[in-house]
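A.B. asks: What follows is the file my_file-v9.tsv, containing TSV, C-alpha atoms:
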```
chain	number	residue	atom	x	y	z
A	228	MET	CA	0.00	0.00	0.00
A	229	ALA	CA	1.31	3.40	-0.95
A	230	ASN	CA	0.74	5.19	2.33
A	231	ASP	CA	1.47	2.55	4.89
A	232	PRO	CA	3.02	4.58	7.72
A	233	ILE	CA	5.22	1.71	8.93
A	234	HIS	CA	6.64	0.78	5.56
A	235	GLN	CA	9.39	3.40	5.80
A	236	PHE	CA	11.04	1.55	8.70
A	237	GLN	CA	11.41	-1.74	6.87
A	238	ILE	CA	14.88	-3.21	6.69
A	239	SER	CA	15.86	-4.61	3.33
A	240	LYS	CA	19.04	-6.46	2.46
A	241	ILE	CA	21.26	-4.91	-0.13
A	242	LEU	CA	24.15	-7.34	0.06
A	243	ASP	CA	23.59	-10.78	1.52
A	244	ILE	CA	26.50	-11.69	3.76
A	245	SER	CA	26.48	-14.61	6.15
A	246	ILE	CA	29.47	-15.56	8.28
A	247	GLY	CA	29.35	-18.78	10.28
A	248	GLY	CA	25.58	-19.05	10.01
A	249	LEU	CA	25.09	-15.51	11.36
A	250	ASP	CA	23.47	-12.83	9.31
A	251	PHE	CA	25.90	-9.98	8.60
A	252	SER	CA	24.02	-8.61	5.61
A	253	PHE	CA	24.58	-5.10	4.45
A	254	THR	CA	21.12	-3.54	4.74
A	255	ASN	CA	19.61	-0.19	3.90
A	256	SER	CA	20.14	0.69	7.57
A	257	SER	CA	23.87	-0.07	7.27
A	258	LEU	CA	24.00	1.94	4.06
A	259	PHE	CA	22.56	4.98	5.79
A	260	MET	CA	24.84	4.56	8.79
A	261	VAL	CA	27.81	4.58	6.44
A	262	ALA	CA	26.34	7.58	4.65
A	263	THR	CA	25.85	9.37	7.99
A	264	VAL	CA	29.42	8.80	9.09
A	265	ALA	CA	30.74	9.74	5.64
A	266	ALA	CA	28.63	12.91	5.50
A	267	ALA	CA	29.53	14.03	9.04
A	268	SER	CA	33.27	13.41	8.77
A	269	GLY	CA	33.39	14.58	5.14
A	270	PHE	CA	31.66	17.84	6.03
A	271	LEU	CA	33.91	18.53	9.02
A	272	ALA	CA	37.08	17.69	7.08
A	273	TRP	CA	36.01	19.89	4.18
A	274	ALA	CA	34.85	22.75	6.41
A	275	THR	CA	38.06	22.87	8.42
A	276	SER	CA	40.39	22.30	5.47
A	277	THR	CA	40.98	26.02	4.88
A	278	ARG	CA	41.69	26.82	8.54
A	279	SER	CA	41.41	30.52	7.98
A	280	MET	CA	41.67	32.99	10.83
A	281	VAL	CA	38.38	34.56	9.80
A	282	PRO	CA	36.14	31.54	9.28
A	283	GLY	CA	33.95	31.14	6.25
A	284	ARG	CA	30.39	29.85	6.46
A	285	ALA	CA	31.23	26.16	6.55
A	286	GLN	CA	34.04	26.66	9.02
A	287	THR	CA	31.73	28.67	11.27
A	288	VAL	CA	29.27	25.79	11.35
A	289	ALA	CA	32.07	23.35	12.20
A	290	GLU	CA	33.41	25.65	14.92
A	291	LEU	CA	29.94	26.26	16.34
A	292	SER	CA	29.29	22.55	16.66
A	293	TYR	CA	32.64	22.07	18.33
A	294	GLU	CA	32.05	24.94	20.77
A	295	PHE	CA	28.53	23.77	21.49
A	296	VAL	CA	29.52	20.23	22.41
A	297	ALA	CA	32.64	21.38	24.27
A	298	ASN	CA	30.61	23.82	26.38
A	299	THR	CA	27.96	21.22	27.14
A	300	LEU	CA	30.58	18.72	28.21
A	301	ARG	CA	32.59	21.23	30.23
A	302	SER	CA	29.57	22.57	32.07
A	303	SER	CA	28.27	19.17	33.14
A	304	ALA	CA	31.39	17.04	33.56
A	305	GLY	CA	33.99	19.72	34.27
A	306	THR	CA	37.29	20.32	32.48
A	307	GLU	CA	38.32	16.77	33.30
A	308	GLY	CA	35.45	15.55	31.19
A	309	MET	CA	37.13	16.94	28.09
A	310	ARG	CA	39.06	13.68	27.75
A	311	PHE	CA	35.80	12.17	26.55
A	312	PHE	CA	35.30	14.92	24.00
A	313	PRO	CA	36.05	12.74	20.94
A	314	LEU	CA	33.42	10.21	22.03
A	315	VAL	CA	30.78	12.80	22.88
A	316	PHE	CA	31.35	14.83	19.73
A	317	SER	CA	31.19	11.73	17.52
A	318	LEU	CA	27.95	10.66	19.19
A	319	PHE	CA	26.44	14.11	18.79
A	320	MET	CA	27.38	14.37	15.11
A	321	PHE	CA	26.20	10.83	14.37
A	322	VAL	CA	22.81	11.28	16.00
A	323	LEU	CA	22.30	14.75	14.56
A	324	VAL	CA	23.24	13.81	11.00
A	325	ALA	CA	21.26	10.57	11.17
A	326	ASN	CA	18.18	12.48	12.39
A	327	LEU	CA	18.56	15.11	9.69
A	328	PHE	CA	19.07	12.46	7.00
A	329	GLY	CA	15.77	10.98	8.11
A	330	MET	CA	14.09	14.27	7.19
A	331	ILE	CA	15.01	13.89	3.52
A	332	PRO	CA	12.16	12.19	1.63
A	333	PHE	CA	12.76	8.51	0.77
A	334	PHE	CA	15.71	8.33	3.14
A	335	PHE	CA	15.91	5.76	5.88
A	336	THR	CA	15.98	7.02	9.49
A	337	VAL	CA	18.70	5.07	11.26
A	338	THR	CA	17.78	6.37	14.71
A	339	SER	CA	14.17	5.17	14.43
A	340	HIS	CA	15.29	1.62	15.20
A	341	ILE	CA	15.66	0.90	18.88
A	342	ILE	CA	18.55	-1.49	18.40
A	343	VAL	CA	20.66	1.31	16.93
A	344	THR	CA	19.90	3.78	19.70
A	345	PHE	CA	20.28	1.04	22.30
A	346	ALA	CA	23.73	0.20	20.95
A	347	LEU	CA	24.68	3.88	21.23
A	348	ALA	CA	23.34	4.06	24.78
A	349	MET	CA	25.18	0.87	25.77
A	350	LEU	CA	28.37	2.39	24.38
A	351	VAL	CA	27.89	5.35	26.71
A	352	ILE	CA	26.98	3.31	29.79
A	353	GLY	CA	29.76	0.82	29.02
A	354	THR	CA	32.26	3.66	28.90
A	355	VAL	CA	30.93	5.07	32.18
A	356	THR	CA	31.12	1.70	33.96
A	357	VAL	CA	34.51	0.62	32.62
A	358	TYR	CA	36.10	4.02	33.16
A	359	GLY	CA	34.50	4.38	36.59
A	360	PHE	CA	35.92	1.06	37.78
A	361	MET	CA	39.30	1.70	36.13
A	362	ARG	CA	39.70	5.00	37.81
A	363	HIS	CA	38.03	4.55	41.19
A	364	GLY	CA	38.12	0.80	41.67
A	365	TRP	CA	35.47	-0.34	44.13
A	366	HIS	CA	34.83	3.25	45.21
A	367	PHE	CA	32.79	3.52	42.04
A	368	LEU	CA	30.12	1.51	43.82
A	369	GLY	CA	29.78	4.48	46.19
A	370	LEU	CA	27.55	5.83	43.45
A	371	PHE	CA	24.85	3.49	44.71
A	372	VAL	CA	25.08	4.45	48.38
A	373	PRO	CA	23.83	7.98	48.90
A	374	HIS	CA	25.23	9.94	51.82
A	375	GLY	CA	23.25	10.51	54.98
A	376	VAL	CA	21.03	7.45	54.66
A	377	PRO	CA	20.42	5.43	57.84
A	378	ALA	CA	22.23	2.07	57.73
A	379	ALA	CA	18.97	0.16	58.07
A	380	VAL	CA	17.58	1.28	54.72
A	381	VAL	CA	20.86	1.25	52.80
A	382	PRO	CA	20.18	-2.16	51.14
A	383	LEU	CA	16.79	-1.01	49.92
A	384	VAL	CA	18.05	2.36	48.71
A	385	SER	CA	21.04	0.74	47.01
A	386	ALA	CA	18.81	-1.75	45.19
A	387	ILE	CA	16.68	1.12	43.94
A	388	GLU	CA	19.78	3.08	42.89
A	389	VAL	CA	21.17	0.06	41.02
A	390	ILE	CA	17.92	-0.40	39.13
A	391	SER	CA	17.87	3.30	38.42
A	392	PHE	CA	21.41	3.04	37.03
A	393	LEU	CA	20.53	0.01	34.91
A	394	SER	CA	17.51	1.80	33.52
A	395	ARG	CA	19.64	4.59	32.08
A	396	PRO	CA	20.59	2.95	28.79
A	397	ILE	CA	16.93	2.03	28.28
A	398	SER	CA	15.56	5.49	28.94
A	399	LEU	CA	18.35	7.02	26.85
A	400	SER	CA	17.66	4.81	23.86
A	401	VAL	CA	13.88	4.75	24.16
A	402	ARG	CA	13.71	8.53	24.22
A	403	LEU	CA	15.62	9.00	20.96
A	404	PHE	CA	13.97	6.09	19.18
A	405	ALA	CA	10.42	6.96	20.30
A	406	ASN	CA	10.79	10.58	19.25
A	407	MET	CA	12.01	9.70	15.78
A	408	LEU	CA	9.54	6.85	15.26
A	409	ALA	CA	6.51	8.80	16.47
A	410	GLY	CA	7.45	11.89	14.49
A	411	HIS	CA	7.94	10.03	11.23
A	412	ILE	CA	4.72	8.03	11.61
A	413	THR	CA	2.72	11.20	12.33
A	414	LEU	CA	4.18	12.90	9.29
A	415	LYS	CA	3.38	9.92	7.09
A	416	VAL	CA	-0.19	9.62	8.39
A	417	PHE	CA	-0.98	13.29	7.80
A	418	SER	CA	0.53	13.32	4.33
A	419	GLY	CA	-1.40	10.10	3.66
A	420	PHE	CA	-4.61	12.02	4.43
A	421	VAL	CA	-3.68	14.58	1.80
A	422	ALA	CA	-3.21	11.87	-0.84
A	423	THR	CA	-6.46	10.07	0.07
A	424	LEU	CA	-8.56	13.25	0.21
A	425	THR	CA	-7.38	14.61	-3.11
A	426	GLY	CA	-8.53	11.37	-4.70
A	427	LEU	CA	-12.11	12.16	-3.65
A	428	GLY	CA	-12.81	15.00	-6.08
A	429	ALA	CA	-13.27	18.76	-5.69
A	430	LEU	CA	-14.53	18.73	-2.11
A	431	GLY	CA	-11.71	16.39	-1.15
A	432	ILE	CA	-9.09	18.71	-2.59
A	433	PHE	CA	-10.56	21.54	-0.56
A	434	GLY	CA	-10.54	19.37	2.54
A	435	ALA	CA	-6.94	18.35	1.94
A	436	ILE	CA	-5.77	21.86	2.81
A	437	LEU	CA	-6.00	21.17	6.53
A	438	PRO	CA	-3.80	18.05	6.68
A	439	LEU	CA	-1.43	19.70	4.22
A	440	ALA	CA	-0.97	22.65	6.58
A	441	MET	CA	-0.49	20.19	9.41
A	442	THR	CA	2.17	18.33	7.44
A	443	VAL	CA	4.09	21.52	6.81
A	444	ALA	CA	3.93	22.45	10.50
A	445	LEU	CA	4.96	18.93	11.54
A	446	THR	CA	7.94	19.00	9.21
A	447	ALA	CA	9.20	22.10	10.95
A	448	LEU	CA	8.58	20.47	14.33
A	449	GLU	CA	10.45	17.36	13.22
A	450	PHE	CA	13.51	19.43	12.32
A	451	LEU	CA	13.39	20.90	15.81
A	452	VAL	CA	13.04	17.43	17.33
A	453	ALA	CA	15.99	16.17	15.26
A	454	PHE	CA	18.22	18.84	16.80
A	455	LEU	CA	16.72	18.62	20.26
A	456	GLN	CA	17.09	14.87	20.54
A	457	ALA	CA	20.71	14.98	19.43
A	458	TYR	CA	21.26	17.63	22.12
A	459	VAL	CA	19.40	15.66	24.80
A	460	PHE	CA	21.39	12.54	23.97
A	461	THR	CA	24.60	14.53	24.27
A	462	ILE	CA	23.78	16.24	27.54
A	463	LEU	CA	22.69	13.01	29.20
A	464	THR	CA	25.89	11.36	28.00
A	465	CYS	CA	27.80	14.20	29.65
A	466	MET	CA	25.89	13.79	32.91
A	467	TYR	CA	26.54	10.05	33.01
A	468	LEU	CA	30.22	10.61	32.25
A	469	ASN	CA	30.24	13.02	35.19
A	470	ASP	CA	29.20	10.11	37.38
A	471	ALA	CA	32.14	8.09	36.10
A	472	LEU	CA	34.51	10.94	36.92
A	473	HIS	CA	33.08	11.82	40.33
A	474	PRO	CA	31.13	8.93	41.81
A	475	GLY	CA	31.58	10.32	45.31
A	476	HIS	CA	34.71	9.78	47.33
B	140	MET	CA	50.49	58.33	22.43
B	141	GLY	CA	53.00	56.39	20.37
B	142	SER	CA	55.97	58.55	21.37
B	143	ASP	CA	57.69	55.56	22.99
B	144	GLY	CA	56.97	52.36	21.03
B	145	ALA	CA	58.14	49.56	23.31
B	146	PRO	CA	56.45	50.56	26.61
B	147	GLU	CA	53.24	51.18	24.69
B	148	GLY	CA	53.38	47.64	23.32
B	149	ASP	CA	54.10	46.29	26.79
B	150	ARG	CA	51.20	48.14	28.24
B	151	ILE	CA	48.88	46.77	25.59
B	152	ASP	CA	50.19	43.28	26.24
B	153	ALA	CA	49.56	43.69	29.94
B	154	ARG	CA	46.06	44.95	29.33
B	155	LEU	CA	45.37	42.12	26.91
B	156	LYS	CA	46.52	39.63	29.49
B	157	GLU	CA	44.38	41.19	32.16
B	158	LEU	CA	41.37	41.14	29.87
B	159	LYS	CA	42.03	37.52	29.04
B	160	ASP	CA	42.21	36.61	32.74
B	161	ARG	CA	38.99	38.42	33.44
B	162	LEU	CA	37.25	36.70	30.55
B	163	GLU	CA	38.51	33.34	31.73
B	164	ALA	CA	37.28	34.00	35.28
B	165	GLU	CA	33.91	35.11	33.97
B	166	ARG	CA	33.60	32.01	31.84
B	167	ARG	CA	34.44	29.77	34.74
B	168	ARG	CA	31.92	31.54	36.94
B	169	ASP	CA	29.31	31.21	34.23
B	170	ALA	CA	30.01	27.50	33.90
B	171	GLU	CA	29.70	27.04	37.64
B	172	ARG	CA	26.52	28.99	37.83
B	173	ARG	CA	24.95	26.85	35.19
B	174	GLY	CA	26.05	23.73	37.02
B	175	SER	CA	24.75	20.69	35.24
B	176	GLY	CA	22.78	22.84	32.86
B	177	ARG	CA	19.74	20.84	31.95
B	178	SER	CA	17.58	23.04	29.89
B	179	ASP	CA	15.56	21.45	27.19
B	180	ASN	CA	12.57	23.62	27.57
B	181	SER	CA	10.17	22.08	25.15
B	182	GLY	CA	7.09	20.70	26.88
B	183	MET	CA	6.79	17.70	24.59
B	184	GLY	CA	10.46	16.86	25.09
B	185	GLN	CA	10.03	17.14	28.85
B	186	ALA	CA	7.02	14.85	28.81
B	187	LEU	CA	8.74	12.19	26.73
B	188	LYS	CA	11.82	12.44	28.91
B	189	LEU	CA	9.92	11.91	32.15
B	190	GLY	CA	7.79	9.18	30.60
B	191	SER	CA	10.74	7.22	29.31
B	192	GLU	CA	12.54	7.57	32.64
B	193	PHE	CA	9.65	6.04	34.52
B	194	VAL	CA	8.95	3.27	32.02
B	195	ALA	CA	12.63	2.35	31.90
B	196	GLY	CA	12.76	1.93	35.68
B	197	VAL	CA	9.73	-0.33	35.75
B	198	LEU	CA	10.93	-2.36	32.77
B	199	VAL	CA	14.38	-2.94	34.22
B	200	GLY	CA	12.89	-3.93	37.59
B	201	ALA	CA	10.47	-6.37	35.98
B	202	GLY	CA	13.22	-7.76	33.73
B	203	LEU	CA	15.58	-8.31	36.64
B	204	GLY	CA	12.86	-9.96	38.73
B	205	TYR	CA	11.88	-12.23	35.87
B	206	ALA	CA	15.50	-13.21	35.22
B	207	ILE	CA	16.07	-13.98	38.89
B	208	ASP	CA	12.92	-16.10	39.01
B	209	TYR	CA	14.00	-17.91	35.87
B	210	TYR	CA	17.47	-18.78	37.09
B	211	VAL	CA	16.89	-19.22	40.82
B	212	GLY	CA	13.38	-20.58	40.61
B	213	THR	CA	11.79	-18.32	43.20
B	214	SER	CA	8.77	-17.56	41.09
B	215	PRO	CA	6.81	-15.35	41.62
B	216	TRP	CA	8.63	-13.56	44.45
B	217	GLY	CA	11.51	-12.12	42.43
B	218	LEU	CA	9.11	-10.55	39.97
B	219	ILE	CA	6.94	-9.10	42.72
B	220	VAL	CA	9.78	-7.63	44.74
B	221	PHE	CA	11.77	-6.30	41.78
B	222	LEU	CA	8.71	-4.90	40.05
B	223	LEU	CA	8.05	-2.82	43.17
B	224	LEU	CA	11.71	-1.82	43.40
B	225	GLY	CA	11.60	-0.95	39.70
B	226	PHE	CA	8.55	1.19	40.33
B	227	ALA	CA	10.47	3.02	43.06
B	228	ALA	CA	13.50	3.40	40.79
B	229	GLY	CA	11.27	4.76	38.05
B	230	LEU	CA	9.83	7.34	40.41
B	231	LEU	CA	13.32	8.22	41.58
B	232	ASN	CA	14.38	8.65	37.95
B	233	VAL	CA	11.44	10.93	37.27
B	234	LEU	CA	12.01	13.07	40.36
B	235	ARG	CA	15.70	13.27	39.57
B	236	ALA	CA	15.03	14.21	35.95
B	237	ALA	CA	12.66	16.91	37.17
B	238	GLY	CA	15.38	18.18	39.49
B	239	MET	CA	13.44	17.54	42.67
B	240	VAL	CA	15.86	15.09	44.27
B	241	ALA	CA	19.57	15.54	44.73
B	242	GLU	CA	21.84	13.56	42.45
B	243	PRO	CA	23.38	10.46	44.04
B	244	ASP	CA	26.95	11.69	44.15
B	245	PRO	CA	27.87	13.34	47.43
B	246	HIS	CA	30.53	15.64	45.98
B	247	ARG	CA	27.73	17.94	45.03
B	248	PHE	CA	26.88	18.48	48.64
B	249	LYS	CA	30.37	19.73	49.33
B	250	ARG	CA	30.01	22.56	46.89
B	251	PRO	CA	29.06	25.97	48.18
B	252	PRO	CA	25.30	26.35	48.12
B	253	GLU	CA	24.03	27.24	44.71
B	254	PRO	CA	22.75	30.74	44.19
B	255	PRO	CA	19.01	30.91	43.61
B	256	ARG	CA	18.38	29.57	40.16
B	257	ASP	CA	16.83	31.99	37.77
B	258	ASP	CA	14.65	29.43	36.32
B	259	LYS	CA	15.77	27.93	33.11
B	260	ASP	CA	14.29	24.55	33.41
B	261	THR	CA	10.64	25.02	33.89
```
Using structure tokens, write down the structure from this file.

C.D. replies:
Amino acid sequence: MANDPIHQFQISKILDISIGGLDFSFTNSSLFMVATVAAASGFLAWATSTRSMVPGRAQTVAELSYEFVANTLRSSAGTEGMRFFPLVFSLFMFVLVANLFGMIPFFFTVTSHIIVTFALAMLVIGTVTVYGFMRHGWHFLGLFVPHGVPAAVVPLVSAIEVISFLSRPISLSVRLFANMLAGHITLKVFSGFVATLTGLGALGIFGAILPLAMTVALTALEFLVAFLQAYVFTILTCMYLNDALHPGH
Amino acid sequence: MGSDGAPEGDRIDARLKELKDRLEAERRRDAERRGSGRSDNSGMGQALKLGSEFVAGVLVGAGLGYAIDYYVGTSPWGLIVFLLLGFAAGLLNVLRAAGMVAEPDPHRFKRPPEPPRDDKDT
């Protein structure tokens, strides 16, 4: 069906690869991930290639994105957090470019699949856990024992804190995925109304104005969401990294 | 002005340095004031954020309980207890995301009290 709102999220194999009975096929999702990485790194390399003192337009965009992420990281994880800058900046650019790619008609939205966002979130939480233990040893577990809690309720509070910690990758990934999925479905449904109504004759064409206006408004909203979600993902990453740096001493 | 070249240059250098120091101090103060600047002020974003925080807590609690039951064979007690704990963790997540509960790490308590926040995250 032409306007099936879910159809856009279908994974299709482009190159069938199978290693040891496991499916390693190159899909349309992989293609767009490669395209995202290529576009992000290509743009940054091209924009900063001139390295002029007075930046041109492209260089300004590159510098702004650098400053933006650097400020976010510095304000939530401190100057020490800057050692994670490469990770955070890569994540930000990947999510942002993937979201924006999704806004181009007929393009696949990589971030609308929960497994992709979950992998990104696990990367963040994995970094936090590994780095936290590497740097603080068992003191890292102090993260789960808040100060000033009576000894009697410490086990209960710690259990709740542990679950709260474990729920972070889920809330991080669900937020990004749900925003992209919901936004794209809504857009598709409203534009589907336009197509269906115009097929109904003169009155239908008149009636199609309303969903058309809605589609235009939603497109603008979706661009905002694309930026906002990349930002939210980044700032939460920074806050979790802050926990790895200062879990309480 | 400009009658003696070198001292003039020195003075400008000194002033530049002073200005740089002041800018640096101001930036640092600004960064401190913002603290962990959480400010996505879109209502929809806020709603989704709080919703996903809560759901994630409950899901992880239920998942843990189910896994414990499955491997230890204490069905249904693991699920019951961890579902409740997950519910509590979800609520804690929500309150924390809304900035109503202190973060878990005690080093924040050692900081000088924050100046009254001029409300960015409403």

A.B. asks: Mind listing as a VMD selection string which residues of chain A are within 9 Å of chain B, counting only C-alpha atoms?

C.D. replies: chain A and resid 298 to 299 301 to 305 369 to 374 383 386 to 399 401 to 402 405 to 406 452 455 to 456 458 to 459 462 to 463 466 470 473 to 476

A.B. asks: What gap, in Å, lies between CA of Met320 in chain A and CA of Pro232 in chain A?

C.D. replies: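 Those two atoms sit 27.3 Å apart.
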
A.B. asks: Record the distance separating CA of Gly375 in chain A and CA of Val355 in chain A, expressed in Å with one decimal.

C.D. replies: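 Those two atoms sit 24.7 Å apart.
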
A.B. asks: Hey, can you check how far CA of Arg362 in chain A sits from CA of Arg166 in chain B?

C.D. replies: 28.3 Å

A.B. asks: Counting all atoms listed in the file, which residue out of A:Val337, A:Met349, A:Ile432, A:Leu451 sits closest to Phe236 in chain A?

C.D. replies: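 Going through A:Val337, A:Met349, A:Ile432, A:Leu451 one by one, the smallest distance to Phe236 in chain A is for A:Val337.
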
A.B. asks: Please provide the set of residues having any atom within 8 Å of Ile341 in chain A, restricted to only C-alpha atoms, with same-chain residues fewer than 4 positions apart removed, written as a list in words.

C.D. replies: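 My list of contacting residues is Phe345, Ser400, Val401 and Phe404 of chain A.
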
A.B. asks: Applying 9 Å and only C-alpha atoms, which residues near Ala266 in chain A remain after dropping the ones on its own chain fewer than 5 positions away? List them as a list of chain:residue names.

C.D. replies: A:Val261, A:Leu271, A:Val324

A.B. asks: How would you write as a ChimeraX atom specification the residues that get within 12 Å of (-1.9, 8.9, 1.9) in the file's frame, counting all atoms listed in the file?

C.D. replies: /A:228-232,412-426,435,438-439,442

A.B. asks: Considering all atoms listed in the file, return as a ChimeraX atom specification whatever protein or nucleic-acid residues lie within 9 Å of Ser256 in chain A, sequence-local ones (same chain, fewer than 3 positions apart) excluded.

C.D. replies: /A:238-240,253,259-261,335-337
